[in-house]
file final16.txt (compact mmCIF, C-alpha atoms and all ligand atoms)
# COMPACT_ATOMS: atom_id res chain seq x y z
CA MET H 1 -3.19 12.21 21.59
CA SER H 2 -3.18 13.30 17.96
CA ASP H 3 -5.60 11.58 15.62
CA PHE H 4 -2.82 10.72 13.18
CA THR H 5 0.63 9.22 13.67
CA ASN H 6 3.24 11.88 14.27
CA THR H 7 5.33 12.39 11.10
CA SER H 8 8.55 12.53 13.14
CA GLU H 9 7.75 9.07 14.55
CA TYR H 10 8.11 7.66 11.03
CA GLU H 11 10.95 9.99 10.01
CA GLU H 12 13.06 8.99 13.03
CA LYS H 13 12.02 5.46 13.96
CA PHE H 14 11.03 3.78 10.69
CA ASP H 15 14.10 2.62 8.80
CA PRO H 16 12.71 2.02 5.28
CA ARG H 17 15.61 -0.18 4.18
CA LEU H 18 15.37 -2.36 7.28
CA TYR H 19 11.60 -2.61 6.67
CA LEU H 20 12.22 -3.89 3.13
CA GLU H 21 14.99 -6.30 4.17
CA SER H 22 12.78 -7.67 6.99
CA TYR H 23 9.57 -8.29 5.06
CA PHE H 24 10.08 -8.30 1.29
CA HIS H 25 12.15 -11.36 0.40
CA LEU H 26 9.31 -13.65 -0.67
CA GLY H 27 9.91 -17.27 0.37
CA SER H 28 12.20 -16.34 3.25
CA GLY H 29 9.56 -17.38 5.81
CA SER H 30 9.01 -13.83 7.03
CA LEU H 31 5.58 -12.96 8.38
CA ALA H 32 4.94 -10.98 5.19
CA ASP H 33 5.13 -14.05 2.90
CA ASP H 34 1.44 -14.95 3.34
CA PHE H 35 0.42 -11.31 3.08
CA LEU H 36 2.39 -10.83 -0.12
CA ARG H 37 0.95 -13.95 -1.77
CA PHE H 38 -2.58 -12.91 -0.73
CA VAL H 39 -2.37 -9.30 -1.86
CA LEU H 40 -0.40 -9.92 -5.07
CA GLU H 41 -2.86 -12.59 -6.16
CA ASN H 42 -5.87 -10.35 -5.50
CA LEU H 43 -4.32 -7.35 -7.22
CA ASN H 44 -3.42 -9.53 -10.17
CA LYS H 45 -6.96 -10.96 -10.43
CA THR H 46 -8.51 -7.49 -10.15
CA PHE H 47 -6.35 -5.96 -12.87
CA LYS H 48 -6.54 -9.05 -15.10
CA SER H 49 -10.36 -8.85 -15.04
CA GLY H 50 -10.07 -5.55 -16.94
CA ALA H 51 -12.59 -3.89 -14.56
CA VAL H 52 -9.98 -1.50 -13.16
CA LYS H 53 -8.09 0.50 -15.76
CA GLY H 54 -7.68 4.08 -16.91
CA SER H 55 -5.22 6.89 -17.32
CA THR H 56 -4.05 7.69 -13.77
CA LEU H 57 -3.45 5.62 -10.66
CA ILE H 58 -2.23 7.13 -7.37
CA ASP H 59 -0.60 4.92 -4.76
CA ILE H 60 -1.02 6.41 -1.29
CA GLY H 61 1.85 5.77 1.12
CA THR H 62 4.04 3.96 -1.39
CA ALA H 63 7.02 4.68 0.88
CA PRO H 64 9.92 2.41 -0.22
CA SER H 65 7.62 -0.32 -1.66
CA ILE H 66 6.73 -1.24 -5.23
CA TYR H 67 5.17 -4.74 -4.93
CA GLN H 68 1.64 -3.27 -4.93
CA LEU H 69 2.18 -1.64 -8.33
CA LEU H 70 3.64 -4.49 -10.36
CA SER H 71 0.32 -5.68 -11.80
CA ALA H 72 -1.24 -2.20 -11.78
CA CYS H 73 1.29 -0.91 -14.30
CA GLU H 74 -0.29 -3.08 -17.03
CA ASN H 75 -3.61 -1.14 -16.83
CA PHE H 76 -2.66 2.54 -16.39
CA ASP H 77 -0.82 5.14 -18.47
CA GLU H 78 0.51 7.03 -15.49
CA ILE H 79 1.25 6.13 -11.87
CA ILE H 80 1.86 8.68 -9.10
CA VAL H 81 3.75 7.34 -6.08
CA THR H 82 3.64 9.09 -2.71
CA SER H 83 5.55 9.10 0.59
CA HIS H 84 4.85 10.50 4.01
CA THR H 85 8.56 10.94 4.86
CA LYS H 86 11.61 12.09 2.90
CA ARG H 87 13.59 9.12 4.16
CA GLU H 88 11.15 6.66 2.57
CA LEU H 89 11.05 8.64 -0.65
CA LYS H 90 14.86 8.56 -0.82
CA GLU H 91 14.85 4.76 -0.58
CA LEU H 92 12.19 4.51 -3.30
CA GLN H 93 14.15 6.87 -5.53
CA LYS H 94 17.12 4.48 -5.47
CA TRP H 95 14.90 1.90 -7.15
CA LEU H 96 13.32 4.45 -9.49
CA ASN H 97 16.81 5.51 -10.62
CA ASN H 98 17.93 1.88 -10.90
CA GLU H 99 20.86 2.59 -8.57
CA PRO H 100 23.25 -0.28 -7.75
CA ASP H 101 22.36 -0.23 -4.03
CA ALA H 102 18.58 -0.16 -4.61
CA PHE H 103 16.57 -2.87 -2.81
CA ASP H 104 16.40 -6.17 -4.71
CA TRP H 105 12.72 -6.85 -5.48
CA SER H 106 13.48 -9.92 -7.62
CA SER H 107 11.72 -12.57 -5.45
CA ILE H 108 8.51 -10.56 -5.65
CA VAL H 109 8.82 -9.53 -9.29
CA LYS H 110 9.38 -13.20 -10.19
CA HIS H 111 6.19 -14.18 -8.33
CA VAL H 112 4.11 -11.49 -10.07
CA CYS H 113 5.50 -12.45 -13.50
CA GLU H 114 4.48 -16.06 -12.77
CA LEU H 115 0.98 -14.97 -11.70
CA GLU H 116 0.71 -13.12 -15.00
CA GLY H 117 1.78 -16.18 -17.01
CA ASN H 118 5.37 -15.01 -17.64
CA ARG H 119 4.30 -12.77 -20.53
CA VAL H 120 7.24 -10.52 -19.77
CA GLY H 121 10.61 -11.11 -18.16
CA GLN H 122 11.45 -9.75 -14.71
CA LYS H 123 13.76 -6.99 -15.93
CA GLU H 124 11.18 -5.89 -18.48
CA LYS H 125 8.49 -5.81 -15.78
CA GLU H 126 10.55 -3.55 -13.52
CA GLU H 127 11.38 -1.27 -16.47
CA LYS H 128 7.71 -1.09 -17.43
CA LEU H 129 6.74 -0.01 -13.91
CA ARG H 130 9.58 2.55 -13.75
CA GLY H 131 8.38 3.98 -17.05
CA LYS H 132 4.80 4.37 -15.80
CA ILE H 133 5.78 6.22 -12.60
CA LYS H 134 5.66 9.84 -13.70
CA GLN H 135 5.61 11.66 -10.34
CA ALA H 136 6.80 11.03 -6.78
CA LEU H 137 5.00 13.31 -4.30
CA MET H 138 4.69 13.72 -0.54
CA CYS H 139 1.37 12.72 1.08
CA ASP H 140 -0.52 13.00 4.33
CA VAL H 141 -3.82 11.13 4.60
CA GLY H 142 -4.83 13.50 7.41
CA LYS H 143 -5.22 16.38 4.93
CA SER H 144 -8.39 16.90 2.90
CA ASN H 145 -6.10 16.99 -0.13
CA PRO H 146 -3.59 14.29 0.91
CA LEU H 147 -1.15 15.53 -1.77
CA ALA H 148 -1.24 19.21 -0.69
CA PRO H 149 0.28 21.57 -1.66
CA GLN H 150 0.31 19.67 -4.98
CA GLU H 151 -2.93 19.57 -6.95
CA VAL H 152 -3.35 16.70 -9.38
CA PRO H 153 -6.27 15.79 -11.67
CA LYS H 154 -8.71 13.32 -10.13
CA ALA H 155 -7.52 9.72 -10.53
CA ASP H 156 -9.19 6.61 -11.95
CA CYS H 157 -7.78 4.43 -9.20
CA LEU H 158 -6.17 4.67 -5.77
CA VAL H 159 -4.09 1.89 -4.29
CA THR H 160 -3.03 1.88 -0.65
CA THR H 161 -1.40 -0.96 1.27
CA VAL H 162 -0.75 -1.23 5.02
CA CYS H 163 -1.03 2.53 5.26
CA LEU H 164 -4.21 3.73 6.97
CA GLU H 165 -3.66 1.35 9.90
CA ALA H 166 -0.23 2.92 10.34
CA ALA H 167 -1.35 6.52 9.82
CA CYS H 168 -4.57 6.64 11.87
CA LYS H 169 -4.51 6.50 15.66
CA SER H 170 -8.30 6.24 16.05
CA TYR H 171 -11.28 4.71 14.23
CA GLU H 172 -12.67 8.20 13.72
CA SER H 173 -9.51 9.42 12.00
CA TYR H 174 -9.48 6.27 9.82
CA GLY H 175 -12.91 7.34 8.52
CA LYS H 176 -11.61 10.88 7.97
CA ALA H 177 -8.62 9.55 6.03
CA LEU H 178 -10.90 7.47 3.78
CA LYS H 179 -12.96 10.58 3.00
CA ASN H 180 -9.75 12.46 2.22
CA LEU H 181 -8.70 9.69 -0.19
CA CYS H 182 -12.13 9.81 -1.81
CA ASN H 183 -11.42 13.48 -2.71
CA LEU H 184 -8.62 12.32 -5.03
CA LEU H 185 -10.84 10.05 -7.14
CA LYS H 186 -13.11 10.61 -10.13
CA PRO H 187 -16.74 9.51 -9.63
CA LYS H 188 -16.83 5.71 -10.13
CA GLY H 189 -13.07 5.68 -9.51
CA HIS H 190 -11.66 2.58 -7.82
CA LEU H 191 -10.10 2.13 -4.39
CA LEU H 192 -7.91 -0.96 -3.87
CA MET H 193 -6.79 -1.30 -0.31
CA ALA H 194 -5.01 -4.06 1.60
CA GLY H 195 -3.60 -4.43 5.08
CA ASP H 196 -3.51 -6.33 8.35
CA LEU H 197 -6.49 -7.34 10.47
CA GLY H 198 -6.34 -7.07 14.25
CA CYS H 199 -2.82 -5.71 14.28
CA ASN H 200 -1.60 -3.50 17.16
CA TYR H 201 2.07 -3.31 16.15
CA TYR H 202 4.75 -4.55 13.79
CA GLU H 203 8.46 -4.50 14.34
CA VAL H 204 11.12 -2.85 12.20
CA GLY H 205 14.44 -3.82 13.74
CA SER H 206 14.23 -2.98 17.43
CA GLU H 207 11.38 -0.48 16.92
CA LYS H 208 7.78 -1.47 17.63
CA VAL H 209 5.61 0.49 15.19
CA PHE H 210 1.98 1.39 15.93
CA SER H 211 -0.91 -0.15 13.97
CA LEU H 212 -4.65 0.43 14.47
CA PRO H 213 -6.36 -2.98 14.82
CA VAL H 214 -9.22 -3.15 12.29
CA ASN H 215 -11.72 -5.92 11.56
CA GLU H 216 -13.98 -6.65 8.58
CA LYS H 217 -17.09 -5.14 10.16
CA PHE H 218 -15.28 -1.88 10.90
CA LEU H 219 -13.83 -1.76 7.37
CA LYS H 220 -17.22 -2.37 5.75
CA ASN H 221 -18.85 0.45 7.73
CA ALA H 222 -15.96 2.90 7.43
CA ILE H 223 -15.64 2.43 3.66
CA SER H 224 -19.40 2.61 3.04
CA ASP H 225 -19.68 5.75 5.21
CA SER H 226 -16.89 7.52 3.28
CA GLY H 227 -18.44 7.81 -0.18
CA PHE H 228 -17.64 4.33 -1.54
CA GLU H 229 -19.58 1.25 -2.53
CA ILE H 230 -17.80 -2.02 -1.72
CA VAL H 231 -17.30 -4.29 -4.73
CA GLN H 232 -15.39 -6.98 -2.84
CA LEU H 233 -13.94 -7.46 0.63
CA LEU H 234 -11.77 -10.53 1.13
CA SER H 235 -9.95 -11.68 4.19
CA PHE H 236 -7.33 -14.25 5.07
CA GLY H 237 -6.98 -15.58 8.61
CA LYS H 238 -3.53 -16.28 9.96
CA PRO H 239 -3.05 -20.05 10.45
CA GLU H 240 -3.75 -20.89 14.10
CA ASP H 241 -0.33 -22.40 14.71
CA ALA H 242 1.55 -19.45 13.19
CA THR H 243 3.35 -17.37 15.76
CA PHE H 244 5.25 -14.27 14.81
CA GLU H 245 6.89 -12.10 17.41
CA ALA H 246 7.33 -9.29 14.90
CA SER H 247 3.59 -8.53 14.80
CA ASP H 248 0.33 -9.55 16.50
CA HIS H 249 -1.84 -9.42 13.34
CA GLU H 250 -4.74 -11.89 13.04
CA GLY H 251 -4.94 -11.92 9.25
CA PHE H 252 -5.17 -9.67 6.19
CA TYR H 253 -7.82 -7.96 4.10
CA PHE H 254 -8.17 -6.88 0.49
CA VAL H 255 -10.88 -4.42 -0.51
CA HIS H 256 -12.07 -3.24 -3.88
CA ALA H 257 -14.49 -0.31 -3.60
CA GLN H 258 -15.83 2.29 -6.02
CA LYS H 259 -16.49 5.96 -5.40
CA ILE H 260 -20.24 6.60 -5.57
C1 LIG U 301 3.85 -0.35 6.94
S1 LIG U 301 4.28 1.07 6.01
C2 LIG U 301 3.53 0.64 4.45
C3 LIG U 301 4.30 1.16 3.28
C4 LIG U 301 3.85 0.60 1.91
N1 LIG U 301 2.56 1.10 1.52
C5 LIG U 301 3.85 -0.90 1.90
O1 LIG U 301 2.83 -1.51 1.55
O2 LIG U 301 4.92 -1.50 2.17
C6 LIG U 301 3.20 2.29 6.67
C7 LIG U 301 3.31 3.61 5.97
O3 LIG U 301 2.35 4.54 6.45
C8 LIG U 301 2.90 5.82 6.24
N2 LIG U 301 2.19 6.87 6.98
C9 LIG U 301 2.20 7.14 8.30
N3 LIG U 301 1.45 8.24 8.54
C10 LIG U 301 0.96 8.66 7.35
C11 LIG U 301 0.12 9.74 6.94
N4 LIG U 301 -0.37 10.63 7.82
N5 LIG U 301 -0.16 9.87 5.62
C12 LIG U 301 0.31 8.97 4.72
N6 LIG U 301 1.10 7.93 5.04
C13 LIG U 301 1.43 7.78 6.34
C14 LIG U 301 4.33 5.66 6.72
O4 LIG U 301 5.15 6.71 6.27
C15 LIG U 301 4.67 4.29 6.16
O5 LIG U 301 5.27 4.39 4.93
call {"tool": "encode", "arguments": {"input": "final16.txt", "output": "structure tokens"}}
result
Amino acid sequence: MSDFTNTSEYEEKFDPRLYLESYFHLGSGSLADDFLRFVLENLNKTFKSGAVKGSTLIDIGTAPSIYQLLSACENFDEIIVTSHTKRELKELQKWLNNEPDAFDWSSIVKHVCELEGNRVGQKEKEEKLRGKIKQALMCDVGKSNPLAPQEVPKADCLVTTVCLEAACKSYESYGKALKNLCNLLKPKGHLLMAGDLGCNYYEVGSEKVFSLPVNEKFLKNAISDSGFEIVQLLSFGKPEDATFEASDHEGFYFVHAQKI
């Protein structure tokens, strides 16, 4: 078995639009509602503190999603988004180009604007983020330069959400991927990472998609062994009575770490 998820698995089985429609209408009662509230609040707090800012931020495995960048765009001059498959990039480009059939992120943009005290309107927020995204590249966390063949200057911050658990088939490869991400950062650069705890799969339509089940102890060790110092590791346990057939996750995590 390969150490990383086969690219064709995502190219063929993962329908990026169905993924967005299934999980990214905040308030619809989908299993992602709690995750979105948890991660958006923590990203907002982290950026609002002013501790994480700079010229360039790279989001690893952006795919069709933008929720993870809505607060980030206030603190960086330039954002680079990345996709592992062309199909995901195509869906993201619809939003980047403001095309009429682009996914409607309004429930999530509204929530982030509220978290930020409604300083800007929702349309303005989306335009601001679009304006900050200067490049859309392909990525593979299994490569020592995950953006190869592109070379980009080292970044001040990396964001990655629900990506390494999807990309890495073993705990060893998860560690390798973290080291590969570390190569993209400046010394003292920030890593902001969020995802599911204890998750073996999530569903996108009729497809069951692989996820590597991680816990806090594993994350602490893997991040510390990959050239980072942990600033904060937060977790959220799924309510005991919550049952979701679309995934077997036990909760979520949010990590802020700094390259040593
Ligand atoms: C659950 S999606 C998360 C997408 C997005 N970051 C989000 O938060 O909605 C998992 C992502 O992992 C990506 N992925 C799988 N293998 C990868 C690899 N080797 N390198 C980078 N990304 C990979 C998939 O293409 C997919 O977009």
call {"tool": "closest_residue", "arguments": {"input": "final16.txt", "among": "H:Cys113, H:Ile260, H:Cys168, H:Leu147", "to": "Asp3 in chain H", "atoms": "all atoms listed in the file"}}
result
H:Cys168
call {"tool": "residues_near_ligand", "arguments": {"input": "final16.txt", "ligand": "ligand LIG 301 (chain U)", "cutoff": "9 Å", "atoms": "all atoms listed in the file", "output": "ChimeraX atom specification"}}
result
/H:4-7,9-11,14,16,19-20,23-24,59-68,82-85,88,138-143,146,159-168,177,194-195,202,209,211
call {"tool": "write_last_selection", "arguments": {"input": "final16.txt", "atoms": "C-alpha atoms", "output": "mmCIF file, keeping the file's coordinate frame"}}
result
data_model
loop_
_atom_site.group_PDB
_atom_site.id
_atom_site.type_symbol
_atom_site.label_atom_id
_atom_site.label_comp_id
_atom_site.auth_asym_id
_atom_site.auth_seq_id
_atom_site.Cartn_x
_atom_site.Cartn_y
_atom_site.Cartn_z
ATOM 1 C CA PHE H 4 -2.820 10.720 13.180
ATOM 2 C CA THR H 5 0.630 9.220 13.670
ATOM 3 C CA ASN H 6 3.240 11.880 14.270
ATOM 4 C CA THR H 7 5.330 12.390 11.100
ATOM 5 C CA GLU H 9 7.750 9.070 14.550
ATOM 6 C CA TYR H 10 8.110 7.660 11.030
ATOM 7 C CA GLU H 11 10.950 9.990 10.010
ATOM 8 C CA PHE H 14 11.030 3.780 10.690
ATOM 9 C CA PRO H 16 12.710 2.020 5.280
ATOM 10 C CA TYR H 19 11.600 -2.610 6.670
ATOM 11 C CA LEU H 20 12.220 -3.890 3.130
ATOM 12 C CA TYR H 23 9.570 -8.290 5.060
ATOM 13 C CA PHE H 24 10.080 -8.300 1.290
ATOM 14 C CA ASP H 59 -0.600 4.920 -4.760
ATOM 15 C CA ILE H 60 -1.020 6.410 -1.290
ATOM 16 C CA GLY H 61 1.850 5.770 1.120
ATOM 17 C CA THR H 62 4.040 3.960 -1.390
ATOM 18 C CA ALA H 63 7.020 4.680 0.880
ATOM 19 C CA PRO H 64 9.920 2.410 -0.220
ATOM 20 C CA SER H 65 7.620 -0.320 -1.660
ATOM 21 C CA ILE H 66 6.730 -1.240 -5.230
ATOM 22 C CA TYR H 67 5.170 -4.740 -4.930
ATOM 23 C CA GLN H 68 1.640 -3.270 -4.930
ATOM 24 C CA THR H 82 3.640 9.090 -2.710
ATOM 25 C CA SER H 83 5.550 9.100 0.590
ATOM 26 C CA HIS H 84 4.850 10.500 4.010
ATOM 27 C CA THR H 85 8.560 10.940 4.860
ATOM 28 C CA GLU H 88 11.150 6.660 2.570
ATOM 29 C CA MET H 138 4.690 13.720 -0.540
ATOM 30 C CA CYS H 139 1.370 12.720 1.080
ATOM 31 C CA ASP H 140 -0.520 13.000 4.330
ATOM 32 C CA VAL H 141 -3.820 11.130 4.600
ATOM 33 C CA GLY H 142 -4.830 13.500 7.410
ATOM 34 C CA LYS H 143 -5.220 16.380 4.930
ATOM 35 C CA PRO H 146 -3.590 14.290 0.910
ATOM 36 C CA VAL H 159 -4.090 1.890 -4.290
ATOM 37 C CA THR H 160 -3.030 1.880 -0.650
ATOM 38 C CA THR H 161 -1.400 -0.960 1.270
ATOM 39 C CA VAL H 162 -0.750 -1.230 5.020
ATOM 40 C CA CYS H 163 -1.030 2.530 5.260
ATOM 41 C CA LEU H 164 -4.210 3.730 6.970
ATOM 42 C CA GLU H 165 -3.660 1.350 9.900
ATOM 43 C CA ALA H 166 -0.230 2.920 10.340
ATOM 44 C CA ALA H 167 -1.350 6.520 9.820
ATOM 45 C CA CYS H 168 -4.570 6.640 11.870
ATOM 46 C CA ALA H 177 -8.620 9.550 6.030
ATOM 47 C CA ALA H 194 -5.010 -4.060 1.600
ATOM 48 C CA GLY H 195 -3.600 -4.430 5.080
ATOM 49 C CA TYR H 202 4.750 -4.550 13.790
ATOM 50 C CA VAL H 209 5.610 0.490 15.190
ATOM 51 C CA SER H 211 -0.910 -0.150 13.970
#
call {"tool": "residues_near_point", "arguments": {"input": "final16.txt", "point": "(-18.4, 7.6, 2.5)", "cutoff": "12 Å", "atoms": "only C-alpha atoms", "output": "PyMOL selection string"}}
result
chain H and resi 174-183+219-230+257-260
call {"tool": "residues_near_point", "arguments": {"input": "final16.txt", "point": "(-6.2, -7.5, -5.9)", "cutoff": "9 Å", "atoms": "only C-alpha atoms", "output": "list in words"}}
result
Phe38, Val39, Leu40, Glu41, Asn42, Leu43, Asn44, Lys45, Thr46, Phe47, Gln68, Ser71, Leu192, Met193, Ala194, Phe254, Val255 and His256 of chain H
call {"tool": "atom_distance", "arguments": {"input": "final16.txt", "atom1": "CA of Cys199 in chain H", "atom2": "CA of Gly251 in chain H"}}
result
8.3 Å
call {"tool": "closest_residue", "arguments": {"input": "final16.txt", "among": "H:Trp95, H:Tyr171, H:Phe218, H:Phe76", "to": "Cys157 in chain H", "atoms": "only C-alpha atoms"}}
result
H:Phe76
call {"tool": "atom_distance", "arguments": {"input": "final16.txt", "atom1": "CA of Ala246 in chain H", "atom2": "CA of Gln122 in chain H"}}
result
29.9 Å
call {"tool": "closest_residue", "arguments": {"input": "final16.txt", "among": "H:Glu207, H:Glu91, H:Asp196, H:Glu127", "to": "Tyr253 in chain H", "atoms": "all atoms listed in the file"}}
result
H:Asp196
call {"tool": "closest_residue", "arguments": {"input": "final16.txt", "among": "H:Ala136, H:Val214, H:Ala155, H:Cys73", "to": "Pro187 in chain H", "atoms": "only C-alpha atoms"}}
result
H:Ala155
call {"tool": "atom_distance", "arguments": {"input": "final16.txt", "atom1": "CA of Ser206 in chain H", "atom2": "CA of Glu250 in chain H"}}
result
21.4 Å
